[in-house]
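**Student:** Sending over upload21.txt (compact mmCIF, C-alpha atoms and all ligand atoms).
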# COMPACT_ATOMS: atom_id res chain seq x y z
CA MET A 1 -46.59 4.47 43.37
CA LYS A 2 -46.88 5.66 39.82
CA ILE A 3 -44.78 8.76 40.57
CA ASN A 4 -42.07 6.60 42.21
CA LYS A 5 -41.88 4.52 39.05
CA ILE A 6 -41.51 7.63 36.90
CA ILE A 7 -38.73 8.96 39.15
CA LEU A 8 -36.98 5.57 39.03
CA LEU A 9 -37.27 5.48 35.26
CA GLY A 10 -35.91 9.02 35.06
CA PHE A 11 -32.89 8.17 37.21
CA SER A 12 -32.29 4.99 35.18
CA ILE A 13 -32.26 6.95 31.93
CA ILE A 14 -29.86 9.54 33.38
CA PHE A 15 -27.63 6.76 34.75
CA ILE A 16 -27.53 4.91 31.40
CA PHE A 17 -26.85 8.17 29.55
CA PHE A 18 -23.93 9.05 31.86
CA SER A 19 -22.53 5.52 31.65
CA PHE A 20 -22.44 5.66 27.86
CA TYR A 21 -21.12 9.19 27.88
CA SER A 22 -18.32 8.29 30.36
CA ALA A 23 -17.36 5.23 28.31
CA TYR A 24 -17.26 7.37 25.16
CA ALA A 25 -15.20 10.11 26.86
CA PHE A 26 -12.85 7.50 28.33
CA ILE A 27 -12.22 5.86 24.95
CA GLN A 28 -11.74 9.23 23.26
CA LEU A 29 -9.24 10.40 25.89
CA ALA A 30 -7.41 7.04 25.87
CA LYS A 31 -7.10 7.21 22.12
CA LYS A 32 -5.86 10.79 22.16
CA ASN A 33 -3.23 10.12 24.83
CA GLN A 34 -2.42 6.61 23.58
CA THR A 35 -3.08 5.16 27.02
CA TRP A 36 -4.98 2.00 27.89
CA PRO A 37 -6.33 0.24 25.90
CA PHE A 38 -4.78 1.78 22.77
CA GLY A 39 -1.13 2.26 23.61
CA SER A 40 -0.39 -0.16 26.41
CA GLY A 41 0.95 -3.70 26.64
CA ILE A 42 -2.58 -4.87 27.40
CA SER A 43 -3.65 -3.63 23.97
CA LYS A 44 -2.32 -6.72 22.24
CA TYR A 45 -4.51 -9.00 24.38
CA LEU A 46 -7.62 -6.99 23.62
CA PRO A 47 -9.61 -8.54 20.75
CA ASN A 48 -9.23 -6.55 17.53
CA TYR A 49 -12.98 -6.29 17.27
CA PHE A 50 -13.16 -4.17 20.46
CA LYS A 51 -10.36 -1.91 19.34
CA LYS A 52 -11.97 -1.45 15.95
CA VAL A 53 -15.31 -0.50 17.53
CA GLY A 54 -13.51 1.80 20.00
CA HIS A 55 -11.84 3.63 17.16
CA GLU A 56 -14.94 3.81 15.00
CA ILE A 57 -17.22 5.37 17.59
CA THR A 58 -14.71 8.10 18.45
CA GLN A 59 -13.49 9.16 15.03
CA GLU A 60 -14.73 11.82 12.68
CA ASN A 61 -15.09 10.81 9.05
CA GLU A 62 -13.98 14.20 7.85
CA SER A 63 -11.84 16.85 9.50
CA GLU A 64 -9.36 19.59 8.69
CA ILE A 65 -5.67 20.00 9.48
CA ILE A 66 -4.05 23.42 9.25
CA THR A 67 -0.55 23.44 7.80
CA GLN A 68 1.65 26.35 6.79
CA TYR A 69 0.74 26.22 3.12
CA TYR A 70 -2.57 24.38 2.97
CA THR A 71 -5.59 23.51 5.02
CA LEU A 72 -5.77 19.76 4.54
CA LYS A 73 -9.01 17.85 4.34
CA LYS A 74 -8.68 14.51 6.08
CA ASP A 75 -11.18 11.94 4.80
CA LEU A 76 -11.27 8.77 6.83
CA TYR A 77 -12.28 5.36 5.48
CA PRO A 78 -12.47 2.55 8.06
CA ILE A 79 -11.14 -0.68 6.53
CA PRO A 80 -13.98 -3.22 6.72
CA SER A 81 -12.16 -5.89 8.73
CA SER A 82 -11.56 -6.07 12.47
CA ASN A 83 -8.10 -7.42 11.58
CA ALA A 84 -7.23 -3.99 10.17
CA THR A 85 -6.21 -2.74 13.61
CA GLY A 86 -2.70 -3.89 14.32
CA ILE A 87 0.98 -3.30 14.01
CA GLY A 88 1.83 -4.33 10.47
CA GLY A 89 0.78 -4.55 6.86
CA GLY A 90 0.92 -1.72 4.36
CA ILE A 91 -0.45 0.03 1.29
CA ASN A 92 0.59 0.30 -2.34
CA ILE A 93 -0.85 2.16 -5.32
CA ILE A 94 -2.09 -0.31 -7.94
CA ASP A 95 -3.53 0.29 -11.45
CA ASP A 96 -3.20 4.09 -11.00
CA SER A 97 -6.40 4.61 -9.06
CA TYR A 98 -6.56 1.86 -6.45
CA ILE A 99 -4.92 1.19 -3.12
CA LEU A 100 -3.87 -2.36 -2.39
CA ASN A 101 -4.07 -2.75 1.36
CA THR A 102 -2.41 -5.76 2.97
CA LEU A 103 -3.40 -6.28 6.58
CA ASN A 104 -0.98 -7.56 9.19
CA ASN A 105 -2.60 -11.02 9.13
CA GLY A 106 -2.40 -11.34 5.32
CA GLU A 107 -5.94 -10.32 4.38
CA LEU A 108 -5.84 -8.41 1.08
CA ILE A 109 -8.30 -5.70 0.13
CA THR A 110 -8.38 -2.98 -2.52
CA PHE A 111 -9.80 0.53 -2.26
CA ASN A 112 -11.08 2.38 -5.32
CA LEU A 113 -9.83 5.97 -5.01
CA LYS A 114 -12.48 7.24 -7.43
CA THR A 115 -15.60 5.63 -5.95
CA LYS A 116 -14.13 5.50 -2.39
CA SER A 117 -15.22 1.91 -1.96
CA PHE A 118 -13.50 -1.23 -0.71
CA SER A 119 -13.44 -4.57 -2.54
CA LYS A 120 -14.22 -7.91 -0.98
CA ILE A 121 -11.46 -9.28 1.26
CA ASN A 122 -9.20 -11.92 -0.26
CA LYS A 123 -8.18 -14.37 2.48
CA THR A 124 -5.69 -16.52 0.53
CA LEU A 125 -2.77 -15.44 2.73
CA LYS A 126 -4.75 -15.08 5.93
CA ASP A 127 -2.62 -16.27 8.87
CA LYS A 128 0.06 -17.73 6.55
CA TYR A 129 2.50 -15.45 8.37
CA LEU A 130 2.71 -14.26 11.94
CA SER A 131 2.93 -10.65 10.80
CA ILE A 132 3.34 -8.96 7.42
CA ARG A 133 5.98 -6.27 7.72
CA ASP A 134 6.01 -4.82 4.19
CA ILE A 135 4.88 -5.34 0.62
CA GLU A 136 6.58 -4.46 -2.66
CA LEU A 137 4.53 -4.42 -5.81
CA ILE A 138 6.27 -4.84 -9.18
CA GLU A 139 3.47 -3.90 -11.52
CA LYS A 140 5.29 -4.41 -14.81
CA ASP A 141 5.97 -8.07 -13.97
CA LYS A 142 2.69 -8.58 -12.06
CA LYS A 143 4.65 -9.76 -9.05
CA ILE A 144 4.19 -8.99 -5.38
CA LEU A 145 6.69 -9.49 -2.56
CA PHE A 146 5.87 -9.95 1.09
CA LEU A 147 8.44 -9.47 3.83
CA SER A 148 6.99 -11.25 6.82
CA LEU A 149 7.64 -12.58 10.26
CA LYS A 150 7.43 -16.35 10.27
CA GLN A 151 7.22 -18.66 13.24
CA ASN A 152 8.90 -22.06 12.99
CA ASN A 153 7.99 -23.92 16.18
CA HIS A 154 9.77 -21.85 18.85
CA CYS A 155 11.90 -19.88 16.41
CA MET A 156 11.34 -16.69 14.44
CA SER A 157 12.68 -15.52 11.10
CA LEU A 158 12.03 -12.89 8.47
CA VAL A 159 11.06 -14.29 5.07
CA LEU A 160 10.89 -12.68 1.65
CA ASP A 161 8.30 -14.41 -0.53
CA GLN A 162 7.20 -13.66 -4.06
CA PHE A 163 3.85 -14.35 -5.73
CA ASP A 164 2.33 -13.69 -9.14
CA TYR A 165 -0.84 -11.65 -8.96
CA THR A 166 -3.88 -10.80 -11.01
CA PHE A 167 -6.06 -7.75 -10.49
CA GLU A 168 -9.25 -7.83 -12.52
CA LYS A 169 -12.68 -6.38 -11.76
CA GLU A 170 -11.42 -5.18 -8.35
CA ASN A 171 -10.53 -8.75 -7.51
CA PHE A 172 -6.95 -9.20 -6.29
CA GLU A 173 -5.53 -12.71 -6.32
CA VAL A 174 -2.11 -14.20 -5.63
CA ASN A 175 -0.67 -17.51 -6.77
CA ASN A 176 2.63 -19.29 -7.60
CA HIS A 177 4.38 -18.85 -4.28
CA LYS A 178 8.19 -18.68 -4.39
CA ASN A 179 10.45 -18.16 -1.39
CA ILE A 180 13.33 -15.83 -2.23
CA TRP A 181 15.14 -15.39 1.07
CA GLU A 182 14.90 -16.25 4.73
CA SER A 183 16.93 -14.81 7.60
CA SER A 184 18.57 -16.97 10.23
CA ASN A 185 16.22 -18.22 12.92
CA VAL A 186 16.17 -16.74 16.40
CA CYS A 187 14.90 -19.20 18.97
CA LYS A 188 13.60 -17.31 21.99
CA THR A 189 10.30 -17.40 23.75
CA TRP A 190 8.87 -13.92 23.63
CA ASP A 191 6.37 -12.40 21.29
CA GLY A 192 7.65 -8.91 20.51
CA PHE A 193 9.63 -9.65 17.36
CA GLU A 194 7.32 -7.47 15.22
CA GLY A 195 8.55 -4.41 17.09
CA SER A 196 12.26 -5.15 16.57
CA SER A 197 12.22 -6.59 13.06
CA GLY A 198 12.80 -3.39 11.05
CA GLY A 199 11.18 -5.00 8.07
CA ARG A 200 10.90 -3.01 4.85
CA VAL A 201 11.55 -4.18 1.30
CA ILE A 202 12.12 -2.23 -1.92
CA SER A 203 13.03 -3.36 -5.41
CA HIS A 204 15.89 -1.26 -6.76
CA ASP A 205 18.70 -1.63 -9.28
CA GLY A 206 17.87 -5.27 -10.04
CA TYR A 207 17.99 -6.25 -6.36
CA TYR A 208 15.71 -6.39 -3.37
CA PHE A 209 16.79 -4.24 -0.43
CA VAL A 210 15.57 -5.39 2.96
CA SER A 211 15.92 -3.55 6.27
CA THR A 212 16.25 -5.66 9.40
CA GLY A 213 16.07 -4.60 13.04
CA PHE A 214 18.10 -5.92 15.99
CA PHE A 215 15.51 -8.74 16.23
CA ASP A 216 15.93 -9.57 19.87
CA LYS A 217 14.55 -8.81 23.28
CA VAL A 218 17.41 -6.85 24.75
CA PRO A 219 17.25 -3.67 26.83
CA SER A 220 16.71 -0.76 24.49
CA GLY A 221 17.95 -2.81 21.54
CA VAL A 222 21.61 -2.76 22.55
CA SER A 223 22.54 -5.91 20.65
CA LYS A 224 25.63 -7.55 19.23
CA ASN A 225 23.75 -8.16 15.97
CA SER A 226 23.94 -4.68 14.45
CA GLN A 227 27.78 -4.58 14.29
CA SER A 228 28.31 -8.26 13.51
CA ILE A 229 28.96 -9.15 9.88
CA LYS A 230 27.84 -12.68 10.72
CA SER A 231 24.33 -11.56 11.64
CA ASP A 232 21.43 -10.81 9.26
CA PHE A 233 20.01 -8.32 11.76
CA GLY A 234 20.50 -4.60 12.27
CA LYS A 235 21.30 -4.28 8.55
CA ILE A 236 20.21 -3.13 5.15
CA LEU A 237 20.66 -6.27 3.05
CA ARG A 238 20.94 -6.46 -0.73
CA ILE A 239 19.35 -9.64 -2.02
CA ASP A 240 19.59 -10.81 -5.62
CA PRO A 241 16.55 -12.41 -7.34
CA LEU A 242 18.00 -15.87 -6.62
CA GLY A 243 18.09 -15.16 -2.91
CA ASP A 244 21.80 -14.55 -2.28
CA SER A 245 22.14 -11.80 0.30
CA GLU A 246 24.96 -9.44 1.21
CA ILE A 247 25.28 -6.71 3.79
CA PHE A 248 24.73 -3.37 2.08
CA SER A 249 25.06 -1.31 5.26
CA LEU A 250 25.31 -2.07 8.97
CA GLY A 251 24.98 -0.50 12.40
CA HIS A 252 21.19 -0.08 12.26
CA ARG A 253 18.94 -0.42 15.28
CA ASN A 254 15.40 -0.81 13.95
CA PRO A 255 14.91 0.58 10.43
CA GLN A 256 11.14 0.74 9.94
CA GLY A 257 11.19 2.81 6.77
CA LEU A 258 12.96 2.27 3.43
CA PHE A 259 12.22 4.22 0.25
CA LEU A 260 13.79 5.91 -2.76
CA PHE A 261 14.41 9.61 -3.28
CA SER A 262 15.60 12.02 -5.94
CA ASP A 263 14.69 10.27 -9.20
CA LYS A 264 15.06 6.99 -7.35
CA ASN A 265 18.82 7.18 -7.10
CA ILE A 266 19.08 7.62 -3.37
CA ILE A 267 18.01 5.09 -0.75
CA ILE A 268 16.59 6.55 2.44
CA ALA A 269 16.02 4.57 5.64
CA THR A 270 14.30 5.71 8.80
CA GLU A 271 15.18 4.07 12.07
CA HIS A 272 13.76 3.75 15.56
CA GLY A 273 16.64 4.74 17.79
CA PRO A 274 16.83 4.61 21.57
CA SER A 275 14.89 7.14 23.65
CA GLY A 276 15.37 10.46 21.86
CA GLY A 277 17.42 9.07 18.99
CA ASP A 278 15.13 8.35 16.02
CA GLU A 279 17.01 8.79 12.75
CA ILE A 280 16.70 9.29 9.04
CA ASN A 281 19.69 8.19 6.96
CA ILE A 282 20.88 8.25 3.36
CA ILE A 283 21.99 4.68 2.75
CA GLU A 284 25.22 4.07 0.87
CA LYS A 285 27.05 0.82 0.34
CA SER A 286 29.37 -0.37 3.13
CA ASN A 287 28.57 2.49 5.49
CA ASN A 288 28.33 1.77 9.20
CA TYR A 289 25.51 3.78 10.79
CA GLY A 290 26.79 3.38 14.31
CA TRP A 291 24.31 1.43 16.41
CA PRO A 292 24.89 0.72 19.28
CA CYS A 293 28.36 2.29 19.39
CA GLU A 294 27.43 5.86 18.52
CA THR A 295 23.96 7.32 18.69
CA PHE A 296 21.81 10.21 19.83
CA GLY A 297 19.49 9.70 22.77
CA ASN A 298 19.83 7.28 25.64
CA LEU A 299 18.50 3.98 26.87
CA TYR A 300 14.78 3.72 27.61
CA SER A 301 15.72 2.18 30.96
CA TYR A 302 17.46 5.46 31.93
CA ASP A 303 14.42 7.61 31.24
CA LYS A 304 13.51 10.00 34.04
CA LYS A 305 16.37 8.86 36.28
CA ASN A 306 18.70 11.78 35.65
CA ASP A 307 21.50 9.26 35.76
CA ILE A 308 23.92 11.12 33.50
CA LYS A 309 26.90 9.07 34.63
CA ASN A 310 25.41 6.02 32.95
CA MET A 311 23.99 7.58 29.86
CA TRP A 312 25.39 4.90 27.61
CA PRO A 313 26.58 1.32 28.08
CA GLU A 314 30.20 1.50 29.12
CA ASN A 315 31.42 -1.76 27.77
CA LEU A 316 30.70 -1.19 24.08
CA LYS A 317 33.35 -3.74 23.05
CA LYS A 318 30.93 -6.39 24.30
CA PHE A 319 28.61 -5.33 21.47
CA ASN A 320 31.21 -5.70 18.69
CA CYS A 321 31.97 -1.96 18.69
CA ASP A 322 35.21 -0.87 17.07
CA LEU A 323 35.44 2.73 18.25
CA SER A 324 38.38 3.49 15.95
CA ILE A 325 36.16 3.61 12.86
CA THR A 326 34.13 6.61 11.69
CA PHE A 327 30.41 6.02 11.84
CA LYS A 328 28.09 7.63 9.31
CA LYS A 329 26.11 10.45 10.90
CA PRO A 330 22.36 10.56 10.39
CA LEU A 331 20.71 13.03 8.04
CA PHE A 332 18.45 14.13 10.90
CA THR A 333 17.41 12.91 14.36
CA TRP A 334 14.37 13.42 16.56
CA THR A 335 14.46 14.22 20.27
CA PRO A 336 12.07 13.25 21.77
CA SER A 337 11.54 10.18 19.61
CA ILE A 338 8.56 10.08 17.27
CA ALA A 339 8.71 6.34 16.44
CA ILE A 340 9.41 7.12 12.80
CA SER A 341 7.90 4.78 10.22
CA GLN A 342 7.64 4.68 6.44
CA GLY A 343 8.11 7.67 4.15
CA ALA A 344 7.89 8.72 0.52
CA GLU A 345 9.14 11.42 -1.77
CA TYR A 346 6.39 13.84 -2.73
CA ASN A 347 6.85 14.29 -6.46
CA LYS A 348 3.44 15.40 -7.76
CA ASN A 349 2.09 18.85 -8.64
CA TYR A 350 -1.08 18.76 -6.52
CA PHE A 351 0.54 20.03 -3.31
CA GLU A 352 2.94 22.25 -5.21
CA LYS A 353 4.68 23.49 -2.04
CA PHE A 354 5.44 19.90 -0.99
CA LYS A 355 7.16 19.03 -4.25
CA ASN A 356 10.46 17.15 -3.83
CA ASN A 357 9.96 17.12 -0.06
CA LEU A 358 10.03 13.94 1.99
CA ILE A 359 6.89 12.96 3.84
CA VAL A 360 7.56 10.52 6.69
CA GLY A 361 5.11 8.97 9.12
CA SER A 362 5.38 8.27 12.82
CA LEU A 363 3.73 5.73 15.09
CA GLY A 364 4.04 7.17 18.63
CA GLY A 365 4.24 10.71 17.24
CA MET A 366 0.92 10.16 15.41
CA SER A 367 1.97 12.69 12.78
CA LEU A 368 3.46 13.17 9.37
CA PHE A 369 6.70 15.10 9.06
CA ARG A 370 7.39 17.08 5.92
CA LEU A 371 11.11 17.51 5.35
CA TYR A 372 12.72 19.88 2.89
CA LEU A 373 16.16 18.93 1.62
CA SER A 374 18.68 21.33 0.11
CA GLU A 375 20.52 20.49 -3.10
CA ASP A 376 23.35 18.93 -1.13
CA TYR A 377 20.85 16.69 0.68
CA LYS A 378 20.73 18.46 4.04
CA ILE A 379 17.38 18.72 5.82
CA ILE A 380 16.87 22.45 6.28
CA ASN A 381 13.15 22.64 7.08
CA GLU A 382 10.69 20.45 8.95
CA GLU A 383 6.93 20.69 9.44
CA ARG A 384 4.90 18.45 11.71
CA ILE A 385 1.41 17.58 10.46
CA VAL A 386 -0.62 16.06 13.28
CA ILE A 387 -2.78 13.14 12.13
CA ASP A 388 -3.88 11.81 15.55
CA GLU A 389 -3.37 8.18 14.51
CA ARG A 390 -0.35 5.89 14.41
CA VAL A 391 0.97 6.04 10.83
CA ARG A 392 2.03 2.59 9.64
CA ASP A 393 2.45 3.28 5.94
CA LEU A 394 1.80 5.99 3.38
CA ALA A 395 1.61 6.42 -0.36
CA ILE A 396 1.20 9.27 -2.82
CA SER A 397 -1.68 8.73 -5.25
CA ASN A 398 -1.26 9.51 -8.93
CA ASP A 399 -3.28 12.71 -8.60
CA GLY A 400 -1.02 13.83 -5.73
CA LYS A 401 -3.12 13.15 -2.63
CA ILE A 402 -1.44 11.66 0.43
CA ILE A 403 -2.84 8.29 1.49
CA VAL A 404 -2.11 7.08 5.00
CA TYR A 405 -2.66 3.63 6.54
CA THR A 406 -2.97 3.67 10.32
CA ASP A 407 -2.78 1.16 13.14
CA SER A 408 -6.37 2.07 14.03
CA GLY A 409 -7.46 0.26 10.85
CA ASN A 410 -8.17 3.30 8.68
CA LEU A 411 -7.19 4.67 5.33
CA LEU A 412 -6.90 8.45 5.37
CA GLU A 413 -6.87 10.59 2.26
CA LEU A 414 -5.37 14.06 2.60
CA SER A 415 -6.44 16.61 0.02
CA LYS A 416 -6.66 20.40 -0.12
CA VAL A 417 -9.58 22.37 1.24
CA GLU A 418 -10.51 24.53 -1.75
CA TYR A 419 -11.81 27.96 -0.84
CA ASN A 420 -14.26 29.69 -3.16
CA ASN A 421 -13.38 33.34 -3.41
CA CA B 501 22.88 5.73 13.63
Mind turning the file's structure into structure tokens?
**Tutor:**
Amino acid sequence: MKINKIILLGFSIIFIFFSFYSAYAFIQLAKKNQTWPFGSGISKYLPNYFKKVGHEITQENESEIITQYYTLKKDLYPIPSSNATGIGGGINIIDDSYILNTLNNGELITFNLKTKSFSKINKTLKDKYLSIRDIELIEKDKKILFLSLKQNNHCMSLVLDQFDYTFEKENFEVNNHKNIWESSNVCKTWDGFEGSSGGRVISHDGYYFVSTGFFDKVPSGVSKNSQSIKSDFGKILRIDPLGDSEIFSLGHRNPQGLFLFSDKNIIIATEHGPSGGDEINIIEKSNNYGWPCETFGNLYSYDKKNDIKNMWPENLKKFNCDLSITFKKPLFTWTPSIAISQGAEYNKNYFEKFKNNLIVGSLGGMSLFRLYLSEDYKIINEERIVIDERVRDLAISNDGKIIVYTDSGNLLELSKVEYNN
């Protein structure tokens, strides 16, 4: 009897051990391959808390990434909120040595880059917006701008709001709300507007520049909006401080990155194209960037069908396409698509070999891409740096490290592995 009990206990322990091990292996594999629950439609119905725990038990707090010029040390800091996993929000450098991290649901938290510690979470803006798409910090005026997705009953819009802020003793607070601009409302019942909103804002030249996506549920984003001068969507808009907006450029599909380059004189936008057509563009006034009339790649609905006869919608006139005009060609395109996100110019001395290169992030590609531009602004070299997480936003710290904010709810700091000779 006693021996039977011992055998039973032994089997139970082995069973429990294998159950935990299988669950761990499953989560790790799912995360690596971006399959269920991390990369599927079901993911959005899974409570954030579960996703956060799933990520935390499978990630290493420190690892190394080999690149051509440096071995990078990747330090990982899980953001202490289960709302940190998601598909929005962003990071900004504040007061030289802090990161201001805005989560998709409006929670605000700061991270001290010297002590590597997070502040308390400020919940003033929590759930004020459906999704925060981007943040612009204007430190000299102590102002912060939020470009967000707002729900008005059954309609959706993008709103640009401004607040004053204070940042004292690691305590970040916002007050004095002022709405600057709001897009037209789109009244449709589906919940994927985050993914088609474009949604970046920069302050430049006395204006706010806002990128907007096609903002609709249409197959592969083939929409009338991008070529229509009556629509706010599929554009880079230039908005003055009083809120008057004008179309700066058109023909964009889903521009999820917007930043300045080359002593801040050049505007760069990255854009989710169709399958195999992600783009990076230099944005100049009045240019038409082609969507959906001219593009690389093909419709997601044509994937794996080998249907070359129907590679592109035939009736482009239906989508406001005037095929007699010359569309601006992209600076570079990715096939297969990488789901390109935000980027930055690397302009510090720390990674000397990266100086004046562009660093752009990718969601589906789970990597950074380092791009070298020639003097006449042609991309002549590219290096992929695999991060293994969906890159939502990135920033360059004052001492030259690369800070990455990921959809798994982490801040990553990339530095150099120093070898002692
Ligand atoms: Ca284009």
**Student:** Which polymer residues have any atom within 9 Å of an atom of A:Ile94, counting all atoms listed in the file, with same-chain residues fewer than 5 positions away left out, as a PDB file with C-alpha atoms, in the frame of the given file?
**Tutor:**
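Here's the written file out.pdb:
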ATOM      1  CA  ILE A  99      -4.920   1.190  -3.120  1.00  0.00           C
ATOM      2  CA  LEU A 100      -3.870  -2.360  -2.390  1.00  0.00           C
ATOM      3  CA  THR A 110      -8.380  -2.980  -2.520  1.00  0.00           C
ATOM      4  CA  LEU A 137       4.530  -4.420  -5.810  1.00  0.00           C
ATOM      5  CA  GLU A 139       3.470  -3.900 -11.520  1.00  0.00           C
ATOM      6  CA  PHE A 167      -6.060  -7.750 -10.490  1.00  0.00           C
TER       7      PHE A 167
END
**Student:** Taking only C-alpha atoms and all ligand atoms into account, report as a list in words which residues have an atom no farther than 8 Å from an atom of ligand CA 501 (chain B).
**Tutor:**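 Checking only C-alpha atoms and all ligand atoms against ligand CA 501 (chain B) at 8 Å gives Gly251, His252, Arg253, Gly273, Glu279, Asn281, Tyr289, Gly290, Trp291, Pro292, Glu294, Thr295, Phe296, Phe327, Lys328, Lys329 and Pro330 of chain A.
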**Student:** List every protein, DNA or RNA residue that has an atom no more than 8 Å from (16.9, -3.4, 14.7) in the file's coordinate frame, counting all atoms listed in the file, and report them as an MDAnalysis selection string.
**Tutor:** chainID A and resid 196:198 212:215 221 226 233:235 252:255 272
**Student:** Pick from A:Ser228, A:Asn320, A:Ser341, A:Ser184: nearest to A:Gly364, with all atoms listed in the file counted?
**Tutor:**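 The closest residue to A:Gly364 is A:Ser341.
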**Student:** Give me the residues near A:Lys217 as a VMD selection string, where near means some atom within 10 Å (using all atoms listed in the file) and where sequence neighbours in that chain fewer than 3 positions away do not count.
**Tutor:** chain A and resid 188 to 193 195 to 196 214 220 to 223
**Student:** Could you check which of A:Glu136, A:Glu284, A:Glu62, A:Asp322 is closest to A:Ile93, using all atoms listed in the file?
**Tutor:**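 Once distances to A:Ile93 are computed over all atoms listed in the file, the minimum belongs to A:Glu136.
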**Student:** Please, what distance in Å, to one decimal, runs between atom CA of A:Met156 and atom CA of A:Leu299?
**Tutor:**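 Between atom CA of A:Met156 and atom CA of A:Leu299 the gap works out to 25.2 Å.
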**Student:** Quick check, in Å to one decimal: how far apart do atom CA of A:Ser81 and atom CA of A:Ile202 lie?
**Tutor:**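 Atom CA of A:Ile202 lies 26.8 Å from atom CA of A:Ser81.
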**Student:** Between A:Asp388, A:Asp278, A:Glu271, A:Glu418, which one has atoms that come closest to A:Glu60, using only C-alpha atoms?
**Tutor:** A:Asp388
**Student:** Near A:Lys264, counting only C-alpha atoms, which residues have an atom at most 9 Å away, once you skip same-chain residues fewer than 4 positions from it, shown as a CSV table (one decimal) with C-alpha atoms, in the coordinates of the input?
**Tutor:**
chain,number,residue,atom,x,y,z
A,204,HIS,CA,15.9,-1.3,-6.8
A,259,PHE,CA,12.2,4.2,0.2
A,260,LEU,CA,13.8,5.9,-2.8
**Student:** When you count all atoms listed in the file, which of these residues is closest to A:Ser286: A:Phe248, A:Tyr419, A:Phe261, A:Phe15?
**Tutor:**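 When distances to A:Ser286 are compared using all atoms listed in the file, the smallest one comes from A:Phe248.
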**Student:** Any chance you could model N, CA and C atoms for stretch 325-337 of chain A and send them as a PDB file, keeping the file's coordinate frame?
**Tutor:**
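Heads up, here's the output in selection_26.pdb:
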ATOM      1  N   ILE A 325      36.682   3.284  14.193  1.00  0.00           N
ATOM      2  CA  ILE A 325      36.160   3.610  12.860  1.00  0.00           C
ATOM      3  C   ILE A 325      35.217   4.820  12.922  1.00  0.00           C
ATOM      4  N   THR A 326      35.029   5.446  11.751  1.00  0.00           N
ATOM      5  CA  THR A 326      34.130   6.610  11.690  1.00  0.00           C
ATOM      6  C   THR A 326      32.740   6.136  11.288  1.00  0.00           C
ATOM      7  N   PHE A 327      31.783   6.422  12.146  1.00  0.00           N
ATOM      8  CA  PHE A 327      30.410   6.020  11.840  1.00  0.00           C
ATOM      9  C   PHE A 327      29.729   7.110  11.030  1.00  0.00           C
ATOM     10  N   LYS A 328      28.822   6.674  10.152  1.00  0.00           N
ATOM     11  CA  LYS A 328      28.090   7.630   9.310  1.00  0.00           C
ATOM     12  C   LYS A 328      27.040   8.335  10.167  1.00  0.00           C
ATOM     13  N   LYS A 329      27.067   9.661  10.111  1.00  0.00           N
ATOM     14  CA  LYS A 329      26.110  10.450  10.900  1.00  0.00           C
ATOM     15  C   LYS A 329      24.746  10.454  10.203  1.00  0.00           C
ATOM     16  N   PRO A 330      23.687  10.516  11.012  1.00  0.00           N
ATOM     17  CA  PRO A 330      22.360  10.560  10.390  1.00  0.00           C
ATOM     18  C   PRO A 330      22.118  11.883   9.652  1.00  0.00           C
ATOM     19  N   LEU A 331      21.134  11.832   8.757  1.00  0.00           N
ATOM     20  CA  LEU A 331      20.710  13.030   8.040  1.00  0.00           C
ATOM     21  C   LEU A 331      19.971  13.977   8.996  1.00  0.00           C
ATOM     22  N   PHE A 332      19.213  13.363   9.927  1.00  0.00           N
ATOM     23  CA  PHE A 332      18.450  14.130  10.900  1.00  0.00           C
ATOM     24  C   PHE A 332      18.049  13.187  12.034  1.00  0.00           C
ATOM     25  N   THR A 333      17.872  13.748  13.242  1.00  0.00           N
ATOM     26  CA  THR A 333      17.410  12.910  14.360  1.00  0.00           C
ATOM     27  C   THR A 333      16.306  13.634  15.120  1.00  0.00           C
ATOM     28  N   TRP A 334      15.478  12.845  15.803  1.00  0.00           N
ATOM     29  CA  TRP A 334      14.370  13.420  16.560  1.00  0.00           C
ATOM     30  C   TRP A 334      14.541  13.189  18.058  1.00  0.00           C
ATOM     31  N   THR A 335      14.495  14.275  18.813  1.00  0.00           N
ATOM     32  CA  THR A 335      14.460  14.220  20.270  1.00  0.00           C
ATOM     33  C   THR A 335      13.335  15.146  20.734  1.00  0.00           C
ATOM     34  N   PRO A 336      12.313  14.663  21.415  1.00  0.00           N
ATOM     35  CA  PRO A 336      12.070  13.250  21.770  1.00  0.00           C
ATOM     36  C   PRO A 336      11.725  12.415  20.534  1.00  0.00           C
ATOM     37  N   SER A 337      11.804  11.102  20.727  1.00  0.00           N
ATOM     38  CA  SER A 337      11.540  10.180  19.610  1.00  0.00           C
ATOM     39  C   SER A 337      10.094  10.293  19.138  1.00  0.00           C
TER      40      SER A 337
END
